[in-house]
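Chemist: Sending over input37.cif (mmCIF, C-alpha atoms and all ligand atoms).
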```
data_final
#
loop_
_atom_site.group_PDB
_atom_site.id
_atom_site.type_symbol
_atom_site.label_atom_id
_atom_site.label_comp_id
_atom_site.auth_asym_id
_atom_site.auth_seq_id
_atom_site.Cartn_x
_atom_site.Cartn_y
_atom_site.Cartn_z
ATOM 1 C CA MET A 1 80.244 100.906 55.861
ATOM 2 C CA SER A 2 79.908 102.069 52.247
ATOM 3 C CA GLN A 3 77.525 104.775 53.465
ATOM 4 C CA ILE A 4 80.123 106.121 55.912
ATOM 5 C CA SER A 5 82.833 106.195 53.246
ATOM 6 C CA GLY A 6 80.394 108.019 50.925
ATOM 7 C CA ILE A 7 79.701 110.626 53.600
ATOM 8 C CA LEU A 8 83.438 111.047 54.280
ATOM 9 C CA LYS A 9 84.121 111.485 50.556
ATOM 10 C CA GLY A 10 81.398 114.124 50.344
ATOM 11 C CA LEU A 11 82.775 115.962 53.374
ATOM 12 C CA LYS A 12 86.254 115.903 51.819
ATOM 13 C CA VAL A 13 84.963 117.544 48.634
ATOM 14 C CA THR A 14 83.046 120.141 50.692
ATOM 15 C CA PHE A 15 86.109 120.915 52.817
ATOM 16 C CA ARG A 16 88.367 121.223 49.747
ATOM 17 C CA THR A 17 85.897 123.608 48.072
ATOM 18 C CA MET A 18 85.576 125.651 51.266
ATOM 19 C CA VAL A 19 89.374 126.046 51.563
ATOM 20 C CA LYS A 20 89.628 126.998 47.874
ATOM 21 C CA THR A 21 86.886 129.599 48.332
ATOM 22 C CA LEU A 22 88.239 131.109 51.550
ATOM 23 C CA PHE A 23 91.903 131.038 50.545
ATOM 24 C CA PRO A 24 92.121 131.448 46.752
ATOM 25 C CA GLY A 25 95.921 131.921 47.102
ATOM 26 C CA GLY A 26 96.273 128.419 48.577
ATOM 27 C CA LEU A 27 97.200 127.275 52.087
ATOM 28 C CA LYS A 28 100.811 128.390 51.600
ATOM 29 C CA ASN A 29 99.491 131.956 51.492
ATOM 30 C CA PRO A 30 96.435 131.682 53.768
ATOM 31 C CA VAL A 31 94.983 135.162 53.329
ATOM 32 C CA PRO A 32 91.177 134.878 53.449
ATOM 33 C CA LYS A 33 89.633 136.426 50.300
ATOM 34 C CA PRO A 34 86.227 134.780 49.932
ATOM 35 C CA SER A 35 85.006 137.422 47.474
ATOM 36 C CA GLU A 36 87.756 136.364 45.018
ATOM 37 C CA GLY A 37 87.467 132.641 45.593
ATOM 38 C CA ALA A 38 83.688 132.371 45.364
ATOM 39 C CA LEU A 39 82.212 131.312 42.027
ATOM 40 C CA THR A 40 79.045 133.241 42.781
ATOM 41 C CA VAL A 41 78.687 136.937 41.961
ATOM 42 C CA GLN A 42 77.600 139.509 44.511
ATOM 43 C CA TYR A 43 74.168 140.173 42.999
ATOM 44 C CA PRO A 44 72.671 142.838 42.823
ATOM 45 C CA HIS A 45 75.950 144.776 43.135
ATOM 46 C CA GLU A 46 77.440 142.671 40.317
ATOM 47 C CA LYS A 47 75.423 141.388 37.395
ATOM 48 C CA GLU A 48 76.276 138.673 34.926
ATOM 49 C CA ALA A 49 75.282 138.997 31.286
ATOM 50 C CA PRO A 50 73.396 135.787 30.446
ATOM 51 C CA PRO A 51 73.890 134.186 27.015
ATOM 52 C CA THR A 52 71.506 135.550 24.382
ATOM 53 C CA ARG A 53 69.625 132.259 24.231
ATOM 54 C CA ALA A 54 69.169 132.040 28.010
ATOM 55 C CA ARG A 55 65.656 131.241 29.230
ATOM 56 C CA GLY A 56 64.906 134.312 31.284
ATOM 57 C CA VAL A 57 61.319 135.274 30.637
ATOM 58 C CA ILE A 58 58.817 134.613 27.837
ATOM 59 C CA ALA A 59 57.654 137.470 25.620
ATOM 60 C CA LEU A 60 54.348 137.484 23.766
ATOM 61 C CA HIS A 61 53.867 138.912 20.287
ATOM 62 C CA GLU A 62 50.173 139.564 20.695
ATOM 63 C CA GLY A 63 49.563 140.259 17.006
ATOM 64 C CA ASN A 64 50.723 136.731 16.082
ATOM 65 C CA CYS A 65 48.645 134.911 18.704
ATOM 66 C CA THR A 66 45.481 133.284 17.376
ATOM 67 C CA ALA A 67 44.250 132.070 20.801
ATOM 68 C CA CYS A 68 44.572 128.503 19.508
ATOM 69 C CA MET A 69 45.262 127.303 23.091
ATOM 70 C CA LEU A 70 47.983 124.887 21.984
ATOM 71 C CA CYS A 71 50.556 126.314 24.407
ATOM 72 C CA ALA A 72 48.097 126.242 27.321
ATOM 73 C CA ARG A 73 47.195 122.614 26.592
ATOM 74 C CA GLU A 74 50.842 121.488 26.337
ATOM 75 C CA CYS A 75 52.098 123.420 29.375
ATOM 76 C CA PRO A 76 52.954 120.744 31.976
ATOM 77 C CA ASP A 77 52.332 123.190 34.831
ATOM 78 C CA TRP A 78 48.996 124.520 33.556
ATOM 79 C CA CYS A 79 50.201 128.045 34.176
ATOM 80 C CA ILE A 80 49.072 129.683 30.910
ATOM 81 C CA TYR A 81 45.578 131.196 31.013
ATOM 82 C CA ILE A 82 43.972 132.196 27.723
ATOM 83 C CA GLU A 83 40.553 133.592 26.951
ATOM 84 C CA GLY A 84 39.288 134.793 23.618
ATOM 85 C CA HIS A 85 36.219 135.337 21.524
ATOM 86 C CA LYS A 86 35.249 134.988 17.873
ATOM 87 C CA GLU A 87 34.870 138.034 15.705
ATOM 88 C CA LEU A 88 34.418 138.757 12.040
ATOM 89 C CA ALA A 89 37.380 139.930 9.964
ATOM 90 C CA PRO A 90 37.230 141.349 6.433
ATOM 91 C CA PRO A 91 37.350 138.781 3.598
ATOM 92 C CA ARG A 92 40.715 137.973 2.045
ATOM 93 C CA ARG A 93 39.458 138.649 -1.466
ATOM 94 C CA ALA A 94 37.031 141.226 -2.819
ATOM 95 C CA GLY A 95 33.496 139.805 -2.808
ATOM 96 C CA GLY A 96 34.415 137.017 -0.359
ATOM 97 C CA GLN A 97 32.735 136.107 2.916
ATOM 98 C CA PRO A 98 33.891 137.769 6.159
ATOM 99 C CA ARG A 99 36.195 135.425 8.074
ATOM 100 C CA LYS A 100 35.681 134.234 11.651
ATOM 101 C CA VAL A 101 38.859 134.827 13.648
ATOM 102 C CA ASN A 102 39.828 134.422 17.306
ATOM 103 C CA ALA A 103 40.486 137.611 19.248
ATOM 104 C CA LEU A 104 42.598 137.445 22.376
ATOM 105 C CA ASP A 105 41.010 138.749 25.590
ATOM 106 C CA ARG A 106 43.390 137.313 28.124
ATOM 107 C CA PHE A 107 46.853 135.755 27.952
ATOM 108 C CA ASP A 108 48.559 135.297 31.324
ATOM 109 C CA ILE A 109 51.593 133.286 32.378
ATOM 110 C CA ASP A 110 52.004 132.571 36.077
ATOM 111 C CA TYR A 111 55.752 132.626 36.651
ATOM 112 C CA SER A 112 55.319 131.363 40.199
ATOM 113 C CA LEU A 113 54.365 128.009 38.621
ATOM 114 C CA CYS A 114 56.354 128.067 35.366
ATOM 115 C CA MET A 115 59.352 125.718 35.277
ATOM 116 C CA TYR A 116 60.937 127.301 32.190
ATOM 117 C CA CYS A 117 60.737 124.102 30.156
ATOM 118 C CA GLY A 118 60.134 126.055 26.945
ATOM 119 C CA ILE A 119 57.433 123.712 25.624
ATOM 120 C CA CYS A 120 55.015 126.605 25.016
ATOM 121 C CA VAL A 121 57.607 128.446 22.898
ATOM 122 C CA GLU A 122 58.381 125.291 20.921
ATOM 123 C CA VAL A 123 54.795 124.284 20.193
ATOM 124 C CA CYS A 124 53.425 127.690 19.184
ATOM 125 C CA PRO A 125 52.712 127.336 15.445
ATOM 126 C CA PHE A 126 52.456 131.100 14.881
ATOM 127 C CA ASP A 127 55.706 132.430 16.406
ATOM 128 C CA ALA A 128 53.892 134.323 19.131
ATOM 129 C CA LEU A 129 56.141 133.317 22.037
ATOM 130 C CA PHE A 130 59.838 134.074 22.391
ATOM 131 C CA TRP A 131 62.471 133.597 25.065
ATOM 132 C CA THR A 132 64.313 136.650 26.259
ATOM 133 C CA PRO A 133 67.386 136.545 28.527
ATOM 134 C CA GLU A 134 65.881 139.109 30.956
ATOM 135 C CA TYR A 135 65.812 137.645 34.438
ATOM 136 C CA GLU A 136 65.090 140.603 36.706
ATOM 137 C CA PHE A 137 61.388 140.227 37.383
ATOM 138 C CA SER A 138 61.305 139.015 40.982
ATOM 139 C CA GLU A 139 58.429 140.266 43.119
ATOM 140 C CA LEU A 140 57.672 140.549 46.812
ATOM 141 C CA ARG A 141 54.219 139.016 46.328
ATOM 142 C CA LEU A 142 53.709 135.682 44.542
ATOM 143 C CA ALA A 143 50.533 137.032 42.951
ATOM 144 C CA ASP A 144 52.571 139.688 41.130
ATOM 145 C CA LEU A 145 54.379 136.954 39.190
ATOM 146 C CA LEU A 146 51.274 136.559 37.062
ATOM 147 C CA HIS A 147 52.167 138.471 33.895
ATOM 148 C CA ASP A 148 49.248 139.548 31.761
ATOM 149 C CA LYS A 149 49.394 140.062 27.991
ATOM 150 C CA GLU A 150 50.382 143.717 28.285
ATOM 151 C CA ARG A 151 53.320 142.837 30.529
ATOM 152 C CA LEU A 152 54.312 139.831 28.404
ATOM 153 C CA SER A 153 54.225 142.059 25.303
ATOM 154 C CA GLU A 154 56.537 144.590 26.958
ATOM 155 C CA TRP A 155 59.278 141.931 27.006
ATOM 156 C CA MET A 156 59.269 141.817 23.181
ATOM 157 C CA HIS A 157 61.846 144.591 22.902
ATOM 158 C CA THR A 158 64.325 142.406 24.819
ATOM 159 C CA VAL A 159 64.042 139.425 22.449
ATOM 160 C CA PRO A 160 67.437 138.967 20.800
ATOM 161 C CA ASP A 161 67.685 138.794 17.026
ATOM 162 C CA PHE A 162 67.931 135.372 15.494
ATOM 163 C CA GLU A 163 71.529 134.220 15.322
ATOM 164 C CA GLU A 164 73.041 133.113 12.067
ATOM 165 C CA TYR A 165 72.821 129.366 11.644
ATOM 166 C CA GLU A 166 75.971 127.317 11.148
ATOM 167 C CA ALA A 167 77.141 127.109 7.563
ATOM 168 C CA GLY A 168 75.463 124.210 5.824
ATOM 169 C CA SER A 169 72.476 123.999 8.147
ATOM 170 C CA GLU A 170 69.071 124.860 6.814
ATOM 171 C CA GLN A 171 67.855 128.234 8.045
ATOM 172 C CA LYS A 172 64.542 128.180 9.864
ATOM 173 C CA GLN A 173 61.849 129.942 7.912
ATOM 174 C CA ARG A 174 59.714 132.194 10.062
ATOM 175 C CA LYS A 175 56.078 131.645 9.153
ATOM 176 C CA VAL A 176 54.878 135.006 10.419
ATOM 177 C CA PRO A 177 57.221 138.023 10.402
ATOM 178 C CA ARG A 178 57.828 139.646 13.768
HETATM 179 S S1 LIG B 201 57.953 127.355 29.945
HETATM 180 FE FE1 LIG B 201 56.938 125.375 30.335
HETATM 181 S S2 LIG B 201 56.022 125.598 32.372
HETATM 182 FE FE2 LIG B 201 56.508 127.671 31.665
HETATM 183 S S3 LIG B 201 54.663 128.418 30.682
HETATM 184 FE FE3 LIG B 201 55.894 127.474 29.073
HETATM 185 S S4 LIG B 201 55.194 125.344 28.943
HETATM 186 FE FE4 LIG B 201 54.451 126.184 30.899
HETATM 187 S S1 LIG B 202 50.836 131.724 21.921
HETATM 188 FE FE1 LIG B 202 50.859 130.427 20.093
HETATM 189 S S2 LIG B 202 50.209 128.392 20.805
HETATM 190 FE FE2 LIG B 202 49.639 129.880 22.408
HETATM 191 S S3 LIG B 202 47.514 130.432 21.949
HETATM 192 FE FE3 LIG B 202 48.833 131.972 20.961
HETATM 193 S S4 LIG B 202 49.139 131.167 18.859
HETATM 194 FE FE4 LIG B 202 48.355 129.462 20.101
#
```
Represent the structure of the file as structure tokens.

Modeler:
Amino acid sequence: MSQISGILKGLKVTFRTMVKTLFPGGLKNPVPKPSEGALTVQYPHEKEAPPTRARGVIALHEGNCTACMLCARECPDWCIYIEGHKELAPPRRAGGQPRKVNALDRFDIDYSLCMYCGICVEVCPFDALFWTPEYEFSELRLADLLHDKERLSEWMHTVPDFEEYEAGSEQKQRKVPR
């Protein structure tokens, strides 16, 4: 019995929403105007501006990435693919030993698997990953949702500037300048 009353309640909510959508002027003035009553926008003819901190797509600052693999290890979907190699860099001080550094060969994110959790951006210790609010990167083929490092780097110009922190809160110190 409780199941039937639950279904009836659900149907009532659906019906009320449908009437509000079809007749935004109310039933006293029942002129159907679904385009005014609908909460959705008529994409792609209309476009909403997402908030600056929206999770649209992830941009890579290649110069900051050390191929440490932390993001790939923490990604719950295993959709970050990194390959690199060691190379010698000049010593930090005159007369010092050359340093061994990681060079990035491959950095791909498969957006057909990504669930936009943001863990990779949070865990990166070198500020190499950033959210951008860009959301228009749909593709006809799933395989084209694999963004390589060149494509991920192209998103960098859409990364919004850091917003001012609320008065009294400690401002985050960026370890590596962008
Ligand atoms: S947002 Fe989450 S699922 Fe997507 S690549 Fe980053 S860690 Fe993986
Ligand atoms: S993006 Fe950050 S966490 Fe991922 S490999 Fe590069 S430096 Fe490491």

Chemist: I'd like the neighbourhood of stretch 50-67 of chain A as a PDB file with C-alpha atoms, in the coordinates of the input, where a residue qualifies if any of its atoms comes within 9 Å (using all atoms listed in the file), though same-chain residues fewer than 2 positions away should be ignored.

Modeler:
```pdb
ATOM      1  CA  GLU A  48      76.276 138.673  34.926  1.00  0.00           C
ATOM      2  CA  MET A  69      45.262 127.303  23.091  1.00  0.00           C
ATOM      3  CA  LEU A  70      47.983 124.887  21.984  1.00  0.00           C
ATOM      4  CA  ILE A  82      43.972 132.196  27.723  1.00  0.00           C
ATOM      5  CA  GLU A  83      40.553 133.592  26.951  1.00  0.00           C
ATOM      6  CA  GLY A  84      39.288 134.793  23.618  1.00  0.00           C
ATOM      7  CA  HIS A  85      36.219 135.337  21.524  1.00  0.00           C
ATOM      8  CA  VAL A 101      38.859 134.827  13.648  1.00  0.00           C
ATOM      9  CA  ASN A 102      39.828 134.422  17.306  1.00  0.00           C
ATOM     10  CA  ALA A 103      40.486 137.611  19.248  1.00  0.00           C
ATOM     11  CA  LEU A 104      42.598 137.445  22.376  1.00  0.00           C
ATOM     12  CA  ASP A 105      41.010 138.749  25.590  1.00  0.00           C
ATOM     13  CA  PHE A 107      46.853 135.755  27.952  1.00  0.00           C
ATOM     14  CA  ILE A 109      51.593 133.286  32.378  1.00  0.00           C
ATOM     15  CA  TYR A 111      55.752 132.626  36.651  1.00  0.00           C
ATOM     16  CA  TYR A 116      60.937 127.301  32.190  1.00  0.00           C
ATOM     17  CA  CYS A 117      60.737 124.102  30.156  1.00  0.00           C
ATOM     18  CA  GLY A 118      60.134 126.055  26.945  1.00  0.00           C
ATOM     19  CA  VAL A 121      57.607 128.446  22.898  1.00  0.00           C
ATOM     20  CA  CYS A 124      53.425 127.690  19.184  1.00  0.00           C
ATOM     21  CA  PHE A 126      52.456 131.100  14.881  1.00  0.00           C
ATOM     22  CA  ASP A 127      55.706 132.430  16.406  1.00  0.00           C
ATOM     23  CA  ALA A 128      53.892 134.323  19.131  1.00  0.00           C
ATOM     24  CA  LEU A 129      56.141 133.317  22.037  1.00  0.00           C
ATOM     25  CA  PHE A 130      59.838 134.074  22.391  1.00  0.00           C
ATOM     26  CA  TRP A 131      62.471 133.597  25.065  1.00  0.00           C
ATOM     27  CA  THR A 132      64.313 136.650  26.259  1.00  0.00           C
ATOM     28  CA  PRO A 133      67.386 136.545  28.527  1.00  0.00           C
ATOM     29  CA  GLU A 134      65.881 139.109  30.956  1.00  0.00           C
ATOM     30  CA  TYR A 135      65.812 137.645  34.438  1.00  0.00           C
ATOM     31  CA  GLU A 136      65.090 140.603  36.706  1.00  0.00           C
ATOM     32  CA  PHE A 137      61.388 140.227  37.383  1.00  0.00           C
ATOM     33  CA  LYS A 149      49.394 140.062  27.991  1.00  0.00           C
ATOM     34  CA  GLU A 150      50.382 143.717  28.285  1.00  0.00           C
ATOM     35  CA  ARG A 151      53.320 142.837  30.529  1.00  0.00           C
ATOM     36  CA  LEU A 152      54.312 139.831  28.404  1.00  0.00           C
ATOM     37  CA  SER A 153      54.225 142.059  25.303  1.00  0.00           C
ATOM     38  CA  GLU A 154      56.537 144.590  26.958  1.00  0.00           C
ATOM     39  CA  TRP A 155      59.278 141.931  27.006  1.00  0.00           C
ATOM     40  CA  MET A 156      59.269 141.817  23.181  1.00  0.00           C
ATOM     41  CA  HIS A 157      61.846 144.591  22.902  1.00  0.00           C
ATOM     42  CA  THR A 158      64.325 142.406  24.819  1.00  0.00           C
ATOM     43  CA  VAL A 159      64.042 139.425  22.449  1.00  0.00           C
ATOM     44  CA  PRO A 160      67.437 138.967  20.800  1.00  0.00           C
ATOM     45  CA  ASP A 161      67.685 138.794  17.026  1.00  0.00           C
ATOM     46  CA  VAL A 176      54.878 135.006  10.419  1.00  0.00           C
ATOM     47  CA  PRO A 177      57.221 138.023  10.402  1.00  0.00           C
ATOM     48  CA  ARG A 178      57.828 139.646  13.768  1.00  0.00           C
TER      49      ARG A 178
END
```

Chemist: Got a sec to resolve the PyMOL selection byres (((not hetatm)) within 7 of (chain B and resi 201)) on this structure and send the residues as an mmCIF file with C-alpha atoms, keeping the file's coordinate frame?

Modeler:
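File written: result-v8.cif
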```cif
data_model
loop_
_atom_site.group_PDB
_atom_site.id
_atom_site.type_symbol
_atom_site.label_atom_id
_atom_site.label_comp_id
_atom_site.auth_asym_id
_atom_site.auth_seq_id
_atom_site.Cartn_x
_atom_site.Cartn_y
_atom_site.Cartn_z
ATOM 1 C CA CYS A 71 50.556 126.314 24.407
ATOM 2 C CA GLU A 74 50.842 121.488 26.337
ATOM 3 C CA CYS A 75 52.098 123.420 29.375
ATOM 4 C CA PRO A 76 52.954 120.744 31.976
ATOM 5 C CA ASP A 77 52.332 123.190 34.831
ATOM 6 C CA TRP A 78 48.996 124.520 33.556
ATOM 7 C CA CYS A 79 50.201 128.045 34.176
ATOM 8 C CA ILE A 80 49.072 129.683 30.910
ATOM 9 C CA ILE A 109 51.593 133.286 32.378
ATOM 10 C CA LEU A 113 54.365 128.009 38.621
ATOM 11 C CA CYS A 114 56.354 128.067 35.366
ATOM 12 C CA MET A 115 59.352 125.718 35.277
ATOM 13 C CA TYR A 116 60.937 127.301 32.190
ATOM 14 C CA CYS A 117 60.737 124.102 30.156
ATOM 15 C CA GLY A 118 60.134 126.055 26.945
ATOM 16 C CA ILE A 119 57.433 123.712 25.624
ATOM 17 C CA CYS A 120 55.015 126.605 25.016
ATOM 18 C CA VAL A 121 57.607 128.446 22.898
#
```

Chemist: Enclose the full set of atoms of ligand LIG 202 (chain B) listed in the file within a box whose edges lie along x, y and z, apply 4 Å of padding to each of the six sides, and report centre and edge lengths in Å to one decimal as JSON.

Modeler:
```
{"center_x": 49.2, "center_y": 130.2, "center_z": 20.6, "size_x": 11.3, "size_y": 11.6, "size_z": 11.5}
```

Chemist: Expressed in Å to a single decimal, how great is the separation between atom CA of A:Phe162 and atom CA of A:Glu122?

Modeler: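 Those two atoms sit 14.9 Å apart.
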
Chemist: Looking at A:Leu27, A:Cys68, A:Leu11, A:Ala94, which one is nearest to ligand LIG 202 (chain B), with distances taken over only C-alpha atoms and all ligand atoms?

Modeler: A:Cys68

Chemist: Quick one: pull the distance between atom CA of A:Ser35 and atom CA of A:Lys20, Å, one decimal.

Modeler: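 Distance reported for this atom pair: 11.4 Å.
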
Chemist: Provide the atom CA of A:Arg16 to atom CA of A:Val41 distance in Å, to one decimal place.

Modeler: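 Distance between the two atoms: 20.0 Å.
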
Chemist: Give me the residues within 12 Å of A:Gly25 as a list in words, counting all atoms listed in the file and dropping any in the same chain fewer than 5 places off.

Modeler: Val19, Lys20, Pro30, Val31, Pro32, Lys33, Pro34, Glu36 and Gly37 of chain A

Chemist: Restricting the calculation to only C-alpha atoms and all ligand atoms, which member of A:Arg73, A:Lys86, A:His147, A:Arg92 is positioned closest to ligand LIG 202 (chain B)?

Modeler: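 Once distances to ligand LIG 202 (chain B) are computed over only C-alpha atoms and all ligand atoms, the minimum belongs to A:Arg73.
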
Chemist: Go through A:Ala167, A:Tyr81, A:Pro91, A:Leu8 and flag the residue nearest ligand LIG 202 (chain B), using only C-alpha atoms and all ligand atoms for the distances.

Modeler: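 Using only C-alpha atoms and all ligand atoms, the shortest distance to ligand LIG 202 (chain B) belongs to A:Tyr81.
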